[in-house]
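S.K.: Structure file upload_2.txt (compact mmCIF, C-alpha atoms) is given on the next line.
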```
# COMPACT_ATOMS: atom_id res chain seq x y z
CA MET A 134 99.63 9.95 -26.09
CA GLN A 135 97.87 11.09 -29.14
CA ALA A 136 94.33 12.46 -29.26
CA ASN A 137 93.07 9.16 -30.50
CA ASP A 138 94.81 7.29 -27.71
CA ALA A 139 93.13 9.29 -24.90
CA PRO A 140 90.34 7.47 -23.10
CA SER A 141 86.84 8.75 -23.69
CA PRO A 142 85.33 10.71 -20.80
CA PHE A 143 82.36 8.33 -21.00
CA SER A 144 84.41 5.14 -20.70
CA PRO A 145 85.10 3.51 -17.32
CA VAL A 146 88.41 4.26 -15.59
CA THR A 147 90.03 2.71 -12.54
CA ILE A 148 91.81 4.89 -10.00
CA GLY A 149 93.39 2.73 -7.35
CA PRO A 150 90.75 0.49 -5.79
CA LEU A 151 87.89 2.64 -7.21
CA THR A 152 86.34 2.10 -10.67
CA LEU A 153 84.36 4.97 -12.16
CA ARG A 154 81.86 4.09 -14.87
CA ASN A 155 81.52 7.57 -16.29
CA ARG A 156 84.03 10.24 -15.42
CA PHE A 157 82.43 13.21 -17.19
CA ILE A 158 78.96 12.97 -15.59
CA LYS A 159 80.40 12.11 -12.20
CA SER A 160 82.65 15.12 -12.17
CA ALA A 161 79.92 17.50 -13.36
CA THR A 162 77.12 16.39 -11.03
CA ASN A 163 78.59 14.90 -7.91
CA GLU A 164 81.48 17.26 -7.55
CA GLY A 165 79.44 20.40 -8.19
CA LYS A 166 82.12 21.60 -10.58
CA ALA A 167 79.95 22.32 -13.57
CA LYS A 168 80.51 25.78 -14.98
CA GLY A 169 78.25 28.20 -13.05
CA GLY A 170 76.56 25.25 -11.29
CA VAL A 171 74.14 24.86 -14.23
CA VAL A 172 73.72 21.11 -13.85
CA THR A 173 73.39 21.30 -10.07
CA LYS A 174 70.85 24.14 -10.28
CA ALA A 175 68.89 22.28 -12.93
CA LEU A 176 68.82 19.19 -10.76
CA ASP A 177 67.82 21.26 -7.72
CA HIS A 178 65.02 22.89 -9.74
CA ARG A 179 63.91 19.52 -11.00
CA ALA A 180 63.95 18.12 -7.44
CA ASP A 181 61.91 21.12 -6.25
CA ARG A 182 59.45 20.66 -9.12
CA ILE A 183 59.11 16.92 -8.38
CA LYS A 184 58.60 17.68 -4.68
CA ALA A 185 55.91 20.25 -5.56
CA GLU A 186 54.25 17.73 -7.89
CA LEU A 187 54.34 15.09 -5.13
CA ASP A 188 52.85 17.60 -2.67
CA ASP A 189 50.13 18.43 -5.22
CA ALA A 190 49.50 14.72 -5.77
CA ARG A 191 49.18 14.16 -1.99
CA ARG A 192 46.83 17.13 -1.70
CA LEU A 193 44.72 15.86 -4.62
CA LYS A 194 44.72 12.36 -3.14
CA ASP A 195 43.50 13.73 0.21
CA GLU A 196 40.80 15.78 -1.53
CA ALA A 197 39.74 12.73 -3.53
CA ALA A 198 39.59 10.65 -0.33
CA LYS A 199 37.43 13.34 1.31
CA LEU A 200 35.12 13.41 -1.74
CA VAL A 201 34.86 9.62 -1.76
CA ALA A 202 33.99 9.64 1.95
CA GLU A 203 31.44 12.40 1.38
CA TYR A 204 29.81 10.55 -1.51
CA ARG A 205 29.76 7.32 0.48
CA GLU A 206 28.01 9.16 3.32
CA ARG A 207 25.54 10.69 0.87
CA ARG A 208 24.87 7.26 -0.65
CA ALA A 209 24.36 5.73 2.80
CA SER A 210 22.03 8.60 3.69
CA ALA A 211 20.09 8.15 0.45
CA GLU A 212 19.82 4.41 1.09
CA ARG A 213 18.52 5.06 4.62
CA GLU A 214 16.02 7.57 3.26
CA ALA A 215 14.90 5.12 0.58
CA GLN A 216 14.46 2.41 3.22
CA GLU A 217 12.40 4.80 5.35
CA ILE A 218 10.23 5.62 2.32
CA VAL A 219 9.69 1.92 1.59
CA THR A 220 8.84 1.22 5.23
CA SER A 221 6.45 4.15 5.33
CA ALA A 222 4.82 3.06 2.05
CA LYS A 223 4.34 -0.47 3.40
CA ALA A 224 2.76 0.89 6.59
CA ASP A 225 0.49 3.17 4.55
CA ALA A 226 -0.50 0.28 2.28
CA GLU A 227 -1.35 -1.90 5.29
CA ARG A 228 -3.36 0.92 6.87
CA ILE A 229 -5.24 1.58 3.62
CA ALA A 230 -5.94 -2.14 3.20
CA THR A 231 -7.26 -2.36 6.77
CA GLU A 232 -9.46 0.69 6.24
CA ALA A 233 -10.76 -0.68 2.93
CA LYS A 234 -11.56 -4.01 4.56
CA ALA A 235 -13.43 -2.26 7.38
CA ARG A 236 -15.37 -0.12 4.87
CA MET A 237 -16.20 -3.21 2.81
CA GLU A 238 -17.43 -5.09 5.88
CA ASP A 239 -19.54 -2.08 6.88
CA PHE A 240 -20.95 -1.84 3.34
CA VAL A 241 -21.81 -5.55 3.30
CA ALA A 242 -23.46 -5.27 6.74
CA ARG A 243 -25.55 -2.28 5.62
CA ARG A 244 -26.56 -4.02 2.39
CA THR A 245 -27.45 -7.19 4.31
CA LYS A 246 -29.53 -5.19 6.79
CA ALA A 247 -31.30 -3.36 3.93
CA ALA A 248 -32.03 -6.68 2.18
CA GLU A 249 -33.35 -8.19 5.42
CA SER A 250 -35.55 -5.12 5.93
CA LYS A 251 -36.96 -5.43 2.39
CA ILE A 252 -37.58 -9.14 2.95
CA ALA A 253 -39.40 -8.37 6.23
CA GLN A 254 -41.53 -5.72 4.48
CA ALA A 255 -42.33 -8.17 1.68
CA GLU A 256 -43.33 -10.81 4.24
CA THR A 257 -45.55 -8.31 6.05
CA GLN A 258 -47.13 -7.23 2.76
CA ALA A 259 -47.64 -10.86 1.68
CA ILE A 260 -49.31 -11.71 5.00
CA ALA A 261 -51.55 -8.64 4.69
CA ASP A 262 -52.45 -9.60 1.10
CA VAL A 263 -53.21 -13.18 2.13
CA ARG A 264 -55.40 -11.96 5.02
CA ALA A 265 -57.23 -9.54 2.77
CA ALA A 266 -57.81 -12.28 0.20
CA ALA A 267 -58.93 -14.68 2.94
CA ALA A 268 -61.26 -12.04 4.39
CA GLU A 269 -62.71 -11.35 0.96
CA ALA A 270 -63.15 -15.08 0.34
CA ALA A 271 -64.71 -15.61 3.76
CA ALA A 272 -67.03 -12.64 3.29
CA SER A 273 -68.08 -13.90 -0.13
CA ALA A 274 -68.63 -17.41 1.24
CA ALA A 275 -70.61 -16.08 4.21
CA ALA A 276 -72.70 -13.90 1.91
CA ALA A 277 -73.41 -16.85 -0.33
CA ILE A 278 -74.39 -19.07 2.59
CA MET A 279 -76.53 -16.41 4.25
CA THR A 280 -78.37 -15.52 1.07
CA GLN A 281 -79.32 -19.11 0.57
CA SER A 282 -80.39 -19.81 4.14
CA VAL A 283 -81.93 -16.50 5.30
CA LYS A 284 -84.34 -14.38 3.27
CA GLY A 285 -85.67 -10.89 3.54
CA PRO A 286 -84.65 -7.69 5.34
CA VAL A 287 -83.36 -9.61 8.37
CA ALA A 288 -81.09 -11.58 6.12
CA ASP A 289 -79.70 -8.42 4.51
CA ASP A 290 -78.90 -6.92 7.95
CA LEU A 291 -77.25 -10.14 9.18
CA ILE A 292 -75.20 -10.48 6.03
CA ALA A 293 -73.91 -6.89 6.17
CA LYS A 294 -73.10 -7.19 9.89
CA GLY A 295 -71.39 -10.58 9.42
CA ILE A 296 -69.31 -9.35 6.51
CA GLN A 297 -68.25 -6.34 8.53
CA ASP A 298 -67.27 -8.51 11.53
CA VAL A 299 -65.29 -10.94 9.39
CA ARG A 300 -63.43 -8.13 7.65
CA SER A 301 -62.54 -6.38 10.92
CA LYS A 302 -61.30 -9.61 12.52
CA LEU A 303 -59.21 -10.76 9.56
CA ASN A 304 -57.61 -7.41 8.86
```
Could you write out this structure as structure tokens?

M.R.:
Amino acid sequence: MQANDAPSPFSPVTIGPLTLRNRFIKSATNEGKAKGGVVTKALDHRADRIKAELDDARRLKDEAAKLVAEYRERRASAEREAQEIVTSAKADAERIATEAKARMEDFVARRTKAAESKIAQAETQAIADVRAAAAEAAASAAAAIMTQSVKGPVADDLIAKGIQDVRSKLN
């Protein structure tokens, strides 16, 4: 066989019932017959590196899961706190509204009482003014009648006494 007639180490070959797709790679990797075990060591190193990377990935995944759980707990805690703040604010608003209503009712009651008191004072003053005017009118009328019907010093005494009596009774 000449050099050109030899099969390529990369072409398939059949040995008995077994067909090999690639003789060169098979013999170097599977048989462990590479010079100094370079291919096998390289594959072992690569397998170790891949295993380390997978271990790192698992560790990072676990850390990420822990962080996600922690952040979810923080979010739930913040939501609970926010709900408590809202509930507290609503209670405070209701309390303030109730207090304001009570103060307003008290204010209106005091103002109403003050207005009623002023009205009562005005009524009392009006009655006193009407009585004083009536007494003055009665005294003037009595004086006019007495001066026309009685004359002299007796008349003057009667008029003064009558005016005094009318004033004291009307006031």

S.K.: Let me have the centre and edge lengths in Å, one decimal, of the box along x, y and z around every listed atom of stretch 239-252 of chain A with 3 Å of margin on each side, as JSON.

M.R.:
```
{"center_x": -28.6, "center_y": -5.5, "center_z": 4.5, "size_x": 24.0, "size_y": 13.3, "size_z": 10.7}
```

S.K.: Go ahead and compute the interatomic distance for atom CA of A:Ala190 and atom CA of A:Ala209, in Å to one decimal.

M.R.: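 Computing the Euclidean distance for atom CA of A:Ala190 and atom CA of A:Ala209 yields 28.0 Å.
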
S.K.: Compare A:Val241, A:Arg154, A:Gly295, A:Val263 by their minimum atom-to-atom distance to A:Ile278, counting all atoms listed in the file, and give me the closest one.

M.R.: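 Closest residue, counting all atoms listed in the file: A:Gly295.
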
S.K.: List the spatial neighbours of A:Ala265 as a PDB file with C-alpha atoms, in the coordinates of the input - criterion: any atom at most 12 Å away, all atoms listed in the file, same-chain residues fewer than 2 positions off excluded.

M.R.:
```pdb
ATOM      1  CA  GLN A 258     -47.130  -7.230   2.760  1.00  0.00           C
ATOM      2  CA  ALA A 259     -47.640 -10.860   1.680  1.00  0.00           C
ATOM      3  CA  ILE A 260     -49.310 -11.710   5.000  1.00  0.00           C
ATOM      4  CA  ALA A 261     -51.550  -8.640   4.690  1.00  0.00           C
ATOM      5  CA  ASP A 262     -52.450  -9.600   1.100  1.00  0.00           C
ATOM      6  CA  VAL A 263     -53.210 -13.180   2.130  1.00  0.00           C
ATOM      7  CA  ALA A 267     -58.930 -14.680   2.940  1.00  0.00           C
ATOM      8  CA  ALA A 268     -61.260 -12.040   4.390  1.00  0.00           C
ATOM      9  CA  GLU A 269     -62.710 -11.350   0.960  1.00  0.00           C
ATOM     10  CA  ALA A 270     -63.150 -15.080   0.340  1.00  0.00           C
ATOM     11  CA  ALA A 271     -64.710 -15.610   3.760  1.00  0.00           C
ATOM     12  CA  ALA A 272     -67.030 -12.640   3.290  1.00  0.00           C
ATOM     13  CA  VAL A 299     -65.290 -10.940   9.390  1.00  0.00           C
ATOM     14  CA  ARG A 300     -63.430  -8.130   7.650  1.00  0.00           C
ATOM     15  CA  SER A 301     -62.540  -6.380  10.920  1.00  0.00           C
ATOM     16  CA  LYS A 302     -61.300  -9.610  12.520  1.00  0.00           C
ATOM     17  CA  LEU A 303     -59.210 -10.760   9.560  1.00  0.00           C
ATOM     18  CA  ASN A 304     -57.610  -7.410   8.860  1.00  0.00           C
TER      19      ASN A 304
END
```
